[in-house]
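Reproduced below: input10.txt, with compact mmCIF, C-alpha atoms.
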# COMPACT_ATOMS: atom_id res chain seq x y z
CA MET N 64 21.66 21.98 -4.88
CA GLN N 65 22.58 19.42 -2.27
CA ILE N 66 20.60 16.34 -1.21
CA ARG N 67 21.26 15.25 2.35
CA GLU N 68 19.65 13.37 5.23
CA PHE N 69 16.73 15.03 7.01
CA THR N 70 17.53 16.44 10.46
CA GLU N 71 15.02 17.63 13.03
CA SER N 72 15.66 21.30 12.30
CA ASP N 73 14.41 20.69 8.73
CA TRP N 74 10.92 19.85 9.93
CA PRO N 75 9.26 23.30 9.72
CA PRO N 76 10.04 23.78 5.99
CA VAL N 77 9.42 20.09 5.24
CA TRP N 78 6.02 20.30 6.92
CA ALA N 79 5.20 23.40 4.87
CA ILE N 80 5.90 21.45 1.68
CA VAL N 81 4.00 18.35 2.80
CA ARG N 82 1.05 20.44 3.97
CA ASP N 83 0.79 22.31 0.65
CA VAL N 84 1.12 19.17 -1.48
CA VAL N 85 -1.38 17.22 0.59
CA ARG N 86 -3.92 20.05 0.73
CA ALA N 87 -3.75 20.49 -3.04
CA GLY N 88 -4.93 16.87 -3.32
CA GLU N 89 -3.57 16.46 -6.83
CA THR N 90 -0.89 13.82 -6.39
CA PHE N 91 -0.86 12.00 -3.02
CA THR N 92 -3.43 9.71 -1.46
CA TYR N 93 -2.92 11.35 1.92
CA ASP N 94 -5.64 12.91 4.03
CA PRO N 95 -5.67 16.64 3.10
CA ARG N 96 -6.54 17.43 6.74
CA MET N 97 -3.55 15.57 8.16
CA THR N 98 -1.93 17.23 11.16
CA ALA N 99 1.75 18.08 11.50
CA GLU N 100 2.15 15.12 13.82
CA GLN N 101 0.51 12.71 11.36
CA ALA N 102 2.61 14.16 8.56
CA TYR N 103 5.77 13.64 10.60
CA ASP N 104 4.86 10.02 11.28
CA THR N 105 4.08 9.47 7.61
CA TRP N 106 7.00 11.28 6.01
CA ILE N 107 9.94 10.90 8.39
CA GLU N 108 11.36 7.41 7.97
CA SER N 109 13.36 5.40 10.46
CA PRO N 110 15.97 2.84 9.37
CA PRO N 111 15.92 0.83 7.19
CA GLY N 112 14.12 3.73 5.48
CA LEU N 113 15.49 7.23 4.95
CA THR N 114 14.13 10.76 4.51
CA VAL N 115 16.21 13.34 2.68
CA VAL N 116 15.95 17.00 1.75
CA ALA N 117 17.10 19.00 -1.28
CA VAL N 118 18.72 22.25 -0.18
CA GLU N 119 20.14 25.24 -2.01
CA ASP N 120 21.60 28.32 -0.29
CA ASN N 121 20.03 27.25 3.01
CA ARG N 122 16.62 27.01 1.34
CA LEU N 123 14.74 23.75 1.43
CA LEU N 124 13.43 22.98 -2.07
CA GLY N 125 12.09 19.47 -1.74
CA THR N 126 12.06 16.23 0.19
CA ALA N 127 11.94 12.50 -0.43
CA LYS N 128 11.45 9.35 1.57
CA MET N 129 12.52 5.84 0.63
CA GLY N 130 12.59 2.37 2.14
CA PRO N 131 11.05 -1.09 1.85
CA ASN N 132 7.67 -1.07 0.09
CA ARG N 133 6.26 -3.83 2.28
CA ALA N 134 7.31 -5.77 5.35
CA GLY N 135 8.36 -9.40 5.78
CA PRO N 136 8.24 -11.38 2.52
CA GLY N 137 7.81 -8.09 0.59
CA GLY N 138 10.80 -6.32 2.11
CA HIS N 139 13.21 -6.80 -0.80
CA VAL N 140 11.32 -4.31 -3.01
CA SER N 141 11.79 -0.61 -2.31
CA THR N 142 9.50 2.37 -2.70
CA ALA N 143 9.94 6.12 -2.51
CA SER N 144 7.95 9.37 -2.53
CA PHE N 145 8.89 12.89 -3.57
CA MET N 146 7.58 16.39 -2.86
CA VAL N 147 8.86 19.71 -4.20
CA ALA N 148 8.02 23.21 -2.93
CA ALA N 149 5.54 24.94 -5.25
CA ASP N 150 7.93 27.78 -6.08
CA ALA N 151 10.83 25.42 -6.81
CA ARG N 152 9.14 23.30 -9.47
CA GLY N 153 10.41 22.96 -13.03
CA ARG N 154 14.04 23.15 -11.92
CA GLY N 155 14.87 19.47 -11.71
CA VAL N 156 14.49 19.14 -7.95
CA GLY N 157 12.05 16.24 -8.23
CA THR N 158 14.25 14.51 -10.79
CA ALA N 159 17.30 14.86 -8.54
CA LEU N 160 15.40 13.46 -5.54
CA PHE N 161 14.08 10.59 -7.67
CA ARG N 162 17.55 9.69 -8.94
CA TYR N 163 18.91 9.88 -5.41
CA ALA N 164 16.26 7.43 -4.18
CA LEU N 165 16.84 5.07 -7.10
CA ASP N 166 20.57 5.04 -6.46
CA TRP N 167 20.01 4.58 -2.73
CA ALA N 168 17.77 1.56 -3.33
CA ARG N 169 20.24 -0.01 -5.75
CA ARG N 170 23.15 0.50 -3.37
CA HIS N 171 21.16 -1.07 -0.54
CA GLY N 172 20.53 -4.23 -2.53
CA TYR N 173 16.82 -3.94 -3.20
CA ALA N 174 15.51 -6.04 -6.08
CA GLY N 175 13.55 -3.15 -7.56
CA MET N 176 11.44 -0.11 -6.81
CA GLN N 177 7.65 0.02 -6.81
CA PHE N 178 5.32 3.00 -6.83
CA ASN N 179 1.94 1.94 -5.52
CA ALA N 180 -0.29 4.83 -6.48
CA VAL N 181 0.79 7.26 -9.21
CA ALA N 182 -2.16 9.35 -10.40
CA GLU N 183 -2.26 8.97 -14.17
CA SER N 184 -2.94 12.72 -14.37
CA ASN N 185 0.54 13.30 -12.89
CA GLU N 186 1.97 13.04 -16.39
CA ARG N 187 5.37 14.56 -15.65
CA ALA N 188 6.03 12.05 -12.89
CA VAL N 189 4.85 9.13 -15.01
CA ALA N 190 7.09 10.26 -17.89
CA LEU N 191 10.08 10.72 -15.56
CA TYR N 192 9.66 7.25 -14.08
CA ARG N 193 9.27 5.68 -17.53
CA ARG N 194 12.48 7.35 -18.73
CA HIS N 195 14.31 5.68 -15.86
CA GLY N 196 13.14 2.15 -16.53
CA PHE N 197 9.79 1.96 -14.76
CA ASP N 198 6.84 0.24 -16.39
CA VAL N 199 3.17 0.63 -15.59
CA VAL N 200 2.37 -2.79 -14.13
CA GLY N 201 -1.31 -1.96 -14.02
CA THR N 202 -3.81 0.83 -13.47
CA VAL N 203 -6.69 0.81 -11.00
CA PRO N 204 -9.45 2.66 -12.85
CA GLY N 205 -10.87 5.75 -11.20
CA ALA N 206 -9.04 5.13 -7.92
CA PHE N 207 -7.84 8.75 -7.51
CA ALA N 208 -10.34 11.59 -7.01
CA HIS N 209 -8.57 14.56 -8.59
CA PRO N 210 -10.00 17.92 -7.45
CA VAL N 211 -10.33 19.20 -11.03
CA LEU N 212 -10.27 16.18 -13.33
CA GLY N 213 -12.50 13.93 -11.24
CA ARG N 214 -11.71 10.25 -10.89
CA VAL N 215 -8.58 9.19 -12.72
CA GLY N 216 -6.63 5.95 -12.63
CA LEU N 217 -3.85 5.08 -10.20
CA HIS N 218 -0.84 3.45 -11.80
CA ILE N 219 1.22 0.80 -10.08
CA MET N 220 4.73 1.25 -11.51
CA TYR N 221 7.73 -1.02 -11.10
CA HIS N 222 11.39 -1.03 -12.07
CA GLU N 223 13.29 -4.25 -11.53
CA PHE N 224 16.97 -3.58 -10.98
CA ALA N 225 19.43 -5.47 -13.11
CA ASP N 226 21.95 -7.66 -11.28
CA ARG N 227 24.67 -5.32 -12.49
CA PRO N 228 24.25 -1.66 -11.53
CA SER N 229 23.29 0.58 -14.41
CA SER N 230 26.07 2.46 -16.22
CA GLU N 231 24.81 5.92 -15.31
CA GLY N 232 25.12 7.91 -12.12
CA PRO N 233 26.21 7.00 -8.61
CA ALA N 234 24.50 3.61 -8.80
CA THR N 235 27.74 2.24 -10.25
CA LEU N 236 29.66 3.10 -7.10
CA PRO N 237 30.30 0.23 -4.69
CA ALA N 238 27.70 0.01 -1.91
CA MET O 185 -21.00 -19.86 11.88
CA GLN O 186 -21.59 -16.23 12.72
CA ILE O 187 -19.63 -13.19 11.56
CA ARG O 188 -19.72 -10.27 13.98
CA GLU O 189 -17.75 -7.20 15.00
CA PHE O 190 -14.50 -7.74 16.88
CA THR O 191 -14.61 -6.96 20.60
CA GLU O 192 -11.63 -6.65 22.94
CA SER O 193 -12.21 -10.08 24.48
CA ASP O 194 -11.61 -11.61 21.02
CA TRP O 195 -8.03 -10.42 20.94
CA PRO O 196 -6.24 -13.50 22.39
CA PRO O 197 -7.62 -15.92 19.76
CA VAL O 198 -7.33 -13.30 16.99
CA TRP O 199 -3.69 -12.72 17.91
CA ALA O 200 -3.07 -16.48 17.82
CA ILE O 201 -4.39 -16.59 14.24
CA VAL O 202 -2.50 -13.48 13.12
CA ARG O 203 0.72 -14.73 14.72
CA ASP O 204 0.50 -18.12 13.01
CA VAL O 205 -0.36 -16.69 9.60
CA VAL O 206 2.36 -14.06 9.78
CA ARG O 207 5.04 -16.46 11.03
CA ALA O 208 4.23 -18.90 8.23
CA GLY O 209 5.16 -16.11 5.79
CA GLU O 210 3.21 -17.64 2.92
CA THR O 211 0.51 -15.06 2.28
CA PHE O 212 0.95 -11.69 4.03
CA THR O 213 3.64 -9.04 3.59
CA TYR O 214 3.79 -8.53 7.35
CA ASP O 215 6.92 -8.79 9.48
CA PRO O 216 6.97 -12.40 10.78
CA ARG O 217 8.49 -11.10 14.03
CA MET O 218 5.69 -8.60 14.67
CA THR O 219 4.70 -8.23 18.31
CA ALA O 220 1.18 -8.55 19.69
CA GLU O 221 1.03 -4.78 20.01
CA GLN O 222 2.11 -4.24 16.40
CA ALA O 223 -0.38 -6.87 15.27
CA TYR O 224 -3.16 -5.16 17.18
CA ASP O 225 -2.34 -1.81 15.59
CA THR O 226 -2.22 -3.43 12.16
CA TRP O 227 -5.27 -5.66 12.35
CA ILE O 228 -7.79 -3.90 14.57
CA GLU O 229 -9.45 -1.15 12.54
CA SER O 230 -11.10 2.01 13.80
CA PRO O 231 -13.98 3.67 11.93
CA PRO O 232 -14.41 4.12 9.04
CA GLY O 233 -12.77 0.67 8.94
CA LEU O 234 -14.03 -2.46 10.68
CA THR O 235 -12.58 -5.70 12.04
CA VAL O 236 -14.80 -8.77 12.33
CA VAL O 237 -14.50 -12.34 13.55
CA ALA O 238 -16.05 -15.62 12.39
CA VAL O 239 -17.28 -17.62 15.36
CA GLU O 240 -18.84 -21.05 15.76
CA ASP O 241 -19.81 -22.58 19.13
CA ASN O 242 -17.77 -19.93 20.94
CA ARG O 243 -14.70 -20.85 18.88
CA LEU O 244 -13.01 -18.18 16.81
CA LEU O 245 -12.35 -19.56 13.30
CA GLY O 246 -11.17 -16.53 11.41
CA THR O 247 -10.99 -12.76 11.19
CA ALA O 248 -11.17 -10.02 8.58
CA LYS O 249 -10.52 -6.32 8.41
CA MET O 250 -11.92 -3.85 5.88
CA GLY O 251 -11.92 -0.14 5.19
CA PRO O 252 -10.61 2.49 2.78
CA ASN O 253 -7.59 1.33 0.78
CA ARG O 254 -5.98 4.78 0.80
CA ALA O 255 -6.60 8.15 2.40
CA GLY O 256 -7.75 11.45 0.93
CA PRO O 257 -8.26 11.27 -2.85
CA GLY O 258 -8.02 7.46 -2.67
CA GLY O 259 -10.61 6.98 0.06
CA HIS O 260 -13.50 5.88 -2.17
CA VAL O 261 -11.88 2.50 -2.91
CA SER O 262 -12.03 -0.17 -0.21
CA THR O 263 -9.69 -2.97 0.72
CA ALA O 264 -9.90 -5.98 3.03
CA SER O 265 -7.76 -8.78 4.47
CA PHE O 266 -8.67 -12.23 5.74
CA MET O 267 -7.10 -14.81 8.03
CA VAL O 268 -8.40 -18.25 8.98
CA ALA O 269 -7.18 -20.50 11.81
CA ALA O 270 -5.03 -23.35 10.47
CA ASP O 271 -7.38 -26.05 11.76
CA ALA O 272 -10.49 -24.34 10.35
CA ARG O 273 -9.39 -24.13 6.72
CA GLY O 274 -11.24 -25.78 3.84
CA ARG O 275 -14.62 -25.13 5.47
CA GLY O 276 -15.60 -21.92 3.75
CA VAL O 277 -14.60 -19.57 6.57
CA GLY O 278 -12.40 -17.44 4.32
CA THR O 279 -15.09 -17.30 1.65
CA ALA O 280 -17.69 -16.19 4.21
CA LEU O 281 -15.40 -13.46 5.54
CA PHE O 282 -14.61 -12.32 2.00
CA ARG O 283 -18.30 -12.11 1.07
CA TYR O 284 -19.01 -10.23 4.28
CA ALA O 285 -16.32 -7.65 3.47
CA LEU O 286 -17.51 -7.28 -0.10
CA ASP O 287 -21.09 -6.71 1.03
CA TRP O 288 -19.93 -4.28 3.73
CA ALA O 289 -17.97 -2.22 1.19
CA ARG O 290 -20.90 -2.14 -1.25
CA ARG O 291 -23.33 -1.08 1.47
CA HIS O 292 -20.98 1.70 2.58
CA GLY O 293 -20.87 3.19 -0.89
CA TYR O 294 -17.31 2.37 -1.92
CA ALA O 295 -16.62 2.45 -5.66
CA GLY O 296 -14.80 -0.87 -5.60
CA MET O 297 -12.42 -3.08 -3.67
CA GLN O 298 -8.69 -3.39 -4.24
CA PHE O 299 -6.24 -6.00 -3.00
CA ASN O 300 -2.75 -4.57 -3.09
CA ALA O 301 -0.57 -7.62 -2.65
CA VAL O 302 -1.97 -11.09 -3.36
CA ALA O 303 0.84 -13.64 -3.67
CA GLU O 304 0.28 -15.42 -6.98
CA SER O 305 1.12 -18.68 -5.17
CA ASN O 306 -2.04 -18.17 -3.06
CA GLU O 307 -4.05 -19.81 -5.82
CA ARG O 308 -7.18 -20.48 -3.80
CA ALA O 309 -7.51 -16.84 -2.82
CA VAL O 310 -6.85 -15.65 -6.38
CA ALA O 311 -9.49 -18.06 -7.72
CA LEU O 312 -12.01 -17.00 -5.05
CA TYR O 313 -11.52 -13.33 -5.84
CA ARG O 314 -11.81 -13.94 -9.57
CA ARG O 315 -15.07 -15.84 -9.09
CA HIS O 316 -16.49 -12.77 -7.36
CA GLY O 317 -15.64 -10.27 -10.05
CA PHE O 318 -12.04 -9.30 -9.29
CA ASP O 319 -9.51 -8.93 -12.07
CA VAL O 320 -5.73 -8.98 -11.84
CA VAL O 321 -4.88 -5.37 -12.67
CA GLY O 322 -1.19 -6.19 -12.73
CA THR O 323 1.50 -8.35 -11.18
CA VAL O 324 4.75 -7.10 -9.66
CA PRO O 325 7.24 -9.82 -10.62
CA GLY O 326 9.09 -11.54 -7.79
CA ALA O 327 7.81 -9.12 -5.16
CA PHE O 328 6.89 -11.83 -2.62
CA ALA O 329 9.58 -14.04 -1.06
CA HIS O 330 7.73 -17.30 -0.41
CA PRO O 331 9.50 -19.54 2.13
CA VAL O 332 9.28 -22.61 -0.13
CA LEU O 333 8.69 -21.36 -3.67
CA GLY O 334 11.11 -18.44 -3.59
CA ARG O 335 10.21 -15.14 -5.21
CA VAL O 336 6.76 -15.12 -6.75
CA GLY O 337 4.69 -12.27 -8.13
CA LEU O 338 2.32 -10.06 -6.17
CA HIS O 339 -1.00 -9.43 -7.86
CA ILE O 340 -2.88 -6.17 -7.56
CA MET O 341 -6.55 -7.15 -7.89
CA TYR O 342 -9.55 -4.90 -8.30
CA HIS O 343 -13.32 -5.23 -8.46
CA GLU O 344 -15.28 -2.16 -9.50
CA PHE O 345 -18.75 -2.23 -8.04
CA ALA O 346 -21.65 -1.70 -10.37
CA ASP O 347 -23.92 1.28 -9.62
CA ARG O 348 -26.67 -1.17 -8.71
CA PRO O 349 -25.90 -3.66 -5.94
CA SER O 350 -25.40 -7.20 -7.17
CA SER O 351 -28.39 -9.54 -7.05
CA GLU O 352 -26.83 -11.98 -4.61
CA GLY O 353 -26.39 -11.83 -0.87
CA PRO O 354 -26.85 -9.07 1.70
CA ALA O 355 -25.44 -6.46 -0.66
CA THR O 356 -28.99 -5.94 -1.91
CA LEU O 357 -30.17 -4.86 1.54
CA PRO O 358 -30.49 -1.13 2.14
CA ALA O 359 -27.41 0.34 3.79
Serialized structure, structure tokens:
Amino acid sequence: MQIREFTESDWPPVWAIVRDVVRAGETFTYDPRMTAEQAYDTWIESPPGLTVVAVEDNRLLGTAKMGPNRAGPGGHVSTASFMVAADARGRGVGTALFRYALDWARRHGYAGMQFNAVAESNERAVALYRRHGFDVVGTVPGAFAHPVLGRVGLHIMYHEFADRPSSEGPATLPA
Amino acid sequence: MQIREFTESDWPPVWAIVRDVVRAGETFTYDPRMTAEQAYDTWIESPPGLTVVAVEDNRLLGTAKMGPNRAGPGGHVSTASFMVAADARGRGVGTALFRYALDWARRHGYAGMQFNAVAESNERAVALYRRHGFDVVGTVPGAFAHPVLGRVGLHIMYHEFADRPSSEGPATLPA
């Protein structure tokens, strides 16, 4: 599996993934009726942000976007989002995209990475983020209307990067 | 002082307020170099959101925007933002706009109101929100680069509305 920058010809399979994830309504606070054009504007980042895809044998398995979490005085903290095709889950695609984004943010000098709205029912994501140094800064009670579970909390999660890059993975490479 | 819906002829004085607040860089995570067009797109809400202005003797003292904090499964929680002209501060304009937004969100059936990024150095705002039932859900350390104080925390604040409207103010009026 290779992770590389999104190019325009990736859009049809990326849109298929985004559409399915958003319509399921289980993880993202996006409008489930969003159009392809709205999805493109939301998911495809311009510099200083970046959108990438995970590809294997010419098949697109997942996608991630990353960049500053806020503008102006908030621009030194990064954020990222990840989506994996339904039939490619459980194979580490999301983990690989997550690690890619974390390394990207470290290399680009961000002070940390923040996730603004992680549904607490998304236990695998929460556990993955915790394993990589993220803490739950707080939880907004009932802020996510899950289609099956009803209203569950939305975690704000944050990982402050150490001044020295961590000892694992590409983050130790010079920027 | 009257609070009413924004109309297009309000834009020049609203832009003057937004520009000054954003350039000061002390409270909002907006790009201090944002153009008038970007400011318009950011500040002027379309339904289901709303932008209002506080006016006295044909002078525009402040402005607020309000609406859903997130889309889709996050759309039942509201958010709002407030800006007051530099020479109109200390007169309760911000408080009046804040109470207006809170009442608006209650009347429109939102489950609560969330503020995503309140600089902890903005002590008057934090105290105002606390007095009206908001709690600090969590604080992202150092996430706001204040021009004088350096990096300070960004509070996430939340106020869950009770099922019954509160007993004070217009929130008790039928929607």
Counting all atoms listed in the file, what is within 6 Å of Ser262 (chain O), bar same-chain residues fewer than 4 positions away, as number ranges by chain? O: 251-253, 297
Using all atoms listed in the file, find the residues of chain O whose closest atom to chain N is at most 10 Å away, then write them as a VMD selection string. chain O and resid 206 to 207 209 to 218 253 to 262 295 to 298 300 to 301 303 320 to 331 334 to 335 338 to 344
Next, dump the selected residues to file, keeping only C-alpha atoms, as a PDB file, in the coordinates of the input.
ATOM      1  CA  VAL O 206       2.360 -14.060   9.780  1.00  0.00           C
ATOM      2  CA  ARG O 207       5.040 -16.460  11.030  1.00  0.00           C
ATOM      3  CA  GLY O 209       5.160 -16.110   5.790  1.00  0.00           C
ATOM      4  CA  GLU O 210       3.210 -17.640   2.920  1.00  0.00           C
ATOM      5  CA  THR O 211       0.510 -15.060   2.280  1.00  0.00           C
ATOM      6  CA  PHE O 212       0.950 -11.690   4.030  1.00  0.00           C
ATOM      7  CA  THR O 213       3.640  -9.040   3.590  1.00  0.00           C
ATOM      8  CA  TYR O 214       3.790  -8.530   7.350  1.00  0.00           C
ATOM      9  CA  ASP O 215       6.920  -8.790   9.480  1.00  0.00           C
ATOM     10  CA  PRO O 216       6.970 -12.400  10.780  1.00  0.00           C
ATOM     11  CA  ARG O 217       8.490 -11.100  14.030  1.00  0.00           C
ATOM     12  CA  MET O 218       5.690  -8.600  14.670  1.00  0.00           C
ATOM     13  CA  ASN O 253      -7.590   1.330   0.780  1.00  0.00           C
ATOM     14  CA  ARG O 254      -5.980   4.780   0.800  1.00  0.00           C
ATOM     15  CA  ALA O 255      -6.600   8.150   2.400  1.00  0.00           C
ATOM     16  CA  GLY O 256      -7.750  11.450   0.930  1.00  0.00           C
ATOM     17  CA  PRO O 257      -8.260  11.270  -2.850  1.00  0.00           C
ATOM     18  CA  GLY O 258      -8.020   7.460  -2.670  1.00  0.00           C
ATOM     19  CA  GLY O 259     -10.610   6.980   0.060  1.00  0.00           C
ATOM     20  CA  HIS O 260     -13.500   5.880  -2.170  1.00  0.00           C
ATOM     21  CA  VAL O 261     -11.880   2.500  -2.910  1.00  0.00           C
ATOM     22  CA  SER O 262     -12.030  -0.170  -0.210  1.00  0.00           C
ATOM     23  CA  ALA O 295     -16.620   2.450  -5.660  1.00  0.00           C
ATOM     24  CA  GLY O 296     -14.800  -0.870  -5.600  1.00  0.00           C
ATOM     25  CA  MET O 297     -12.420  -3.080  -3.670  1.00  0.00           C
ATOM     26  CA  GLN O 298      -8.690  -3.390  -4.240  1.00  0.00           C
ATOM     27  CA  ASN O 300      -2.750  -4.570  -3.090  1.00  0.00           C
ATOM     28  CA  ALA O 301      -0.570  -7.620  -2.650  1.00  0.00           C
ATOM     29  CA  ALA O 303       0.840 -13.640  -3.670  1.00  0.00           C
ATOM     30  CA  VAL O 320      -5.730  -8.980 -11.840  1.00  0.00           C
ATOM     31  CA  VAL O 321      -4.880  -5.370 -12.670  1.00  0.00           C
ATOM     32  CA  GLY O 322      -1.190  -6.190 -12.730  1.00  0.00           C
ATOM     33  CA  THR O 323       1.500  -8.350 -11.180  1.00  0.00           C
ATOM     34  CA  VAL O 324       4.750  -7.100  -9.660  1.00  0.00           C
ATOM     35  CA  PRO O 325       7.240  -9.820 -10.620  1.00  0.00           C
ATOM     36  CA  GLY O 326       9.090 -11.540  -7.790  1.00  0.00           C
ATOM     37  CA  ALA O 327       7.810  -9.120  -5.160  1.00  0.00           C
ATOM     38  CA  PHE O 328       6.890 -11.830  -2.620  1.00  0.00           C
ATOM     39  CA  ALA O 329       9.580 -14.040  -1.060  1.00  0.00           C
ATOM     40  CA  HIS O 330       7.730 -17.300  -0.410  1.00  0.00           C
ATOM     41  CA  PRO O 331       9.500 -19.540   2.130  1.00  0.00           C
ATOM     42  CA  GLY O 334      11.110 -18.440  -3.590  1.00  0.00           C
ATOM     43  CA  ARG O 335      10.210 -15.140  -5.210  1.00  0.00           C
ATOM     44  CA  LEU O 338       2.320 -10.060  -6.170  1.00  0.00           C
ATOM     45  CA  HIS O 339      -1.000  -9.430  -7.860  1.00  0.00           C
ATOM     46  CA  ILE O 340      -2.880  -6.170  -7.560  1.00  0.00           C
ATOM     47  CA  MET O 341      -6.550  -7.150  -7.890  1.00  0.00           C
ATOM     48  CA  TYR O 342      -9.550  -4.900  -8.300  1.00  0.00           C
ATOM     49  CA  HIS O 343     -13.320  -5.230  -8.460  1.00  0.00           C
ATOM     50  CA  GLU O 344     -15.280  -2.160  -9.500  1.00  0.00           C
TER      51      GLU O 344
END
Contacts of region 221-228 of chain O at 10 Å (all atoms listed in the file; same-chain gap of 6+ positions) as a list in words: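 Those residues are Phe190, Thr191, Glu192, Trp195, Val198, Trp199, Val202, Arg203, Val206, Tyr214, Asp215, Leu234, Thr235, Val236, Thr247, Ala248, Lys249, Met250, Ser265 and Phe266 of chain O.
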One decimal, Å: what's the distance from CA of Leu333 (chain O) over to CA of Val268 (chain O), could you say?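 It comes out at 21.5 Å.
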Correct to one decimal, the distance CA of Val302 (chain O)-CA of Asp319 (chain O) is 11.7 Å
Could you tell me how far CA of Val205 (chain O) lies from CA of Met267 (chain O), in Å and to one decimal? 7.2 Å
Restricting the calculation to only C-alpha atoms: of N:Glu119, N:Ser72, N:Ala87, N:Arg193, which residue gets closest to Val211 (chain N)?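 The shortest atom-to-atom distance to Val211 (chain N) comes from N:Ala87.
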Which residue of N:Pro76, N:Leu191, N:Ala168, N:Ser184 approaches Phe224 (chain N) most closely, using all atoms listed in the file: N:Ala168
Which is closest to Glu183 (chain N) among N:Gly216, N:Gly125, N:Pro75, N:Pro111, if we use all atoms listed in the file?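 Among the listed residues, the smallest separation from Glu183 (chain N) belongs to N:Gly216.
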Give, as JSON, the centre coordinates and the x, y and z edge lengths in Å to one decimal for an axis-aligned box around all listed atoms of region 140-154 of chain N, padded by 4 Å on each side.
{"center_x": 9.8, "center_y": 11.7, "center_z": -7.7, "size_x": 16.5, "size_y": 40.1, "size_z": 18.7}
Is it possible to dump region 83-95 of chain N as a PDB file, in the first residue's frame, including just C-alpha atoms?
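part_18.pdb, written as the output of this step:
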ATOM      1  CA  ASP N  83     -20.558   6.405   1.636  1.00  0.00           C
ATOM      2  CA  VAL N  84     -18.973   7.567   4.891  1.00  0.00           C
ATOM      3  CA  VAL N  85     -21.045  10.735   5.034  1.00  0.00           C
ATOM      4  CA  ARG N  86     -24.313   8.999   4.170  1.00  0.00           C
ATOM      5  CA  ALA N  87     -23.726   6.391   6.877  1.00  0.00           C
ATOM      6  CA  GLY N  88     -23.694   9.280   9.373  1.00  0.00           C
ATOM      7  CA  GLU N  89     -21.767   7.309  11.972  1.00  0.00           C
ATOM      8  CA  THR N  90     -18.508   9.223  12.231  1.00  0.00           C
ATOM      9  CA  PHE N  91     -18.425  12.641  10.516  1.00  0.00           C
ATOM     10  CA  THR N  92     -20.384  15.798  11.264  1.00  0.00           C
ATOM     11  CA  TYR N  93     -20.901  16.410   7.560  1.00  0.00           C
ATOM     12  CA  ASP N  94     -24.248  16.866   5.869  1.00  0.00           C
ATOM     13  CA  PRO N  95     -25.271  13.372   4.624  1.00  0.00           C
TER      14      PRO N  95
END
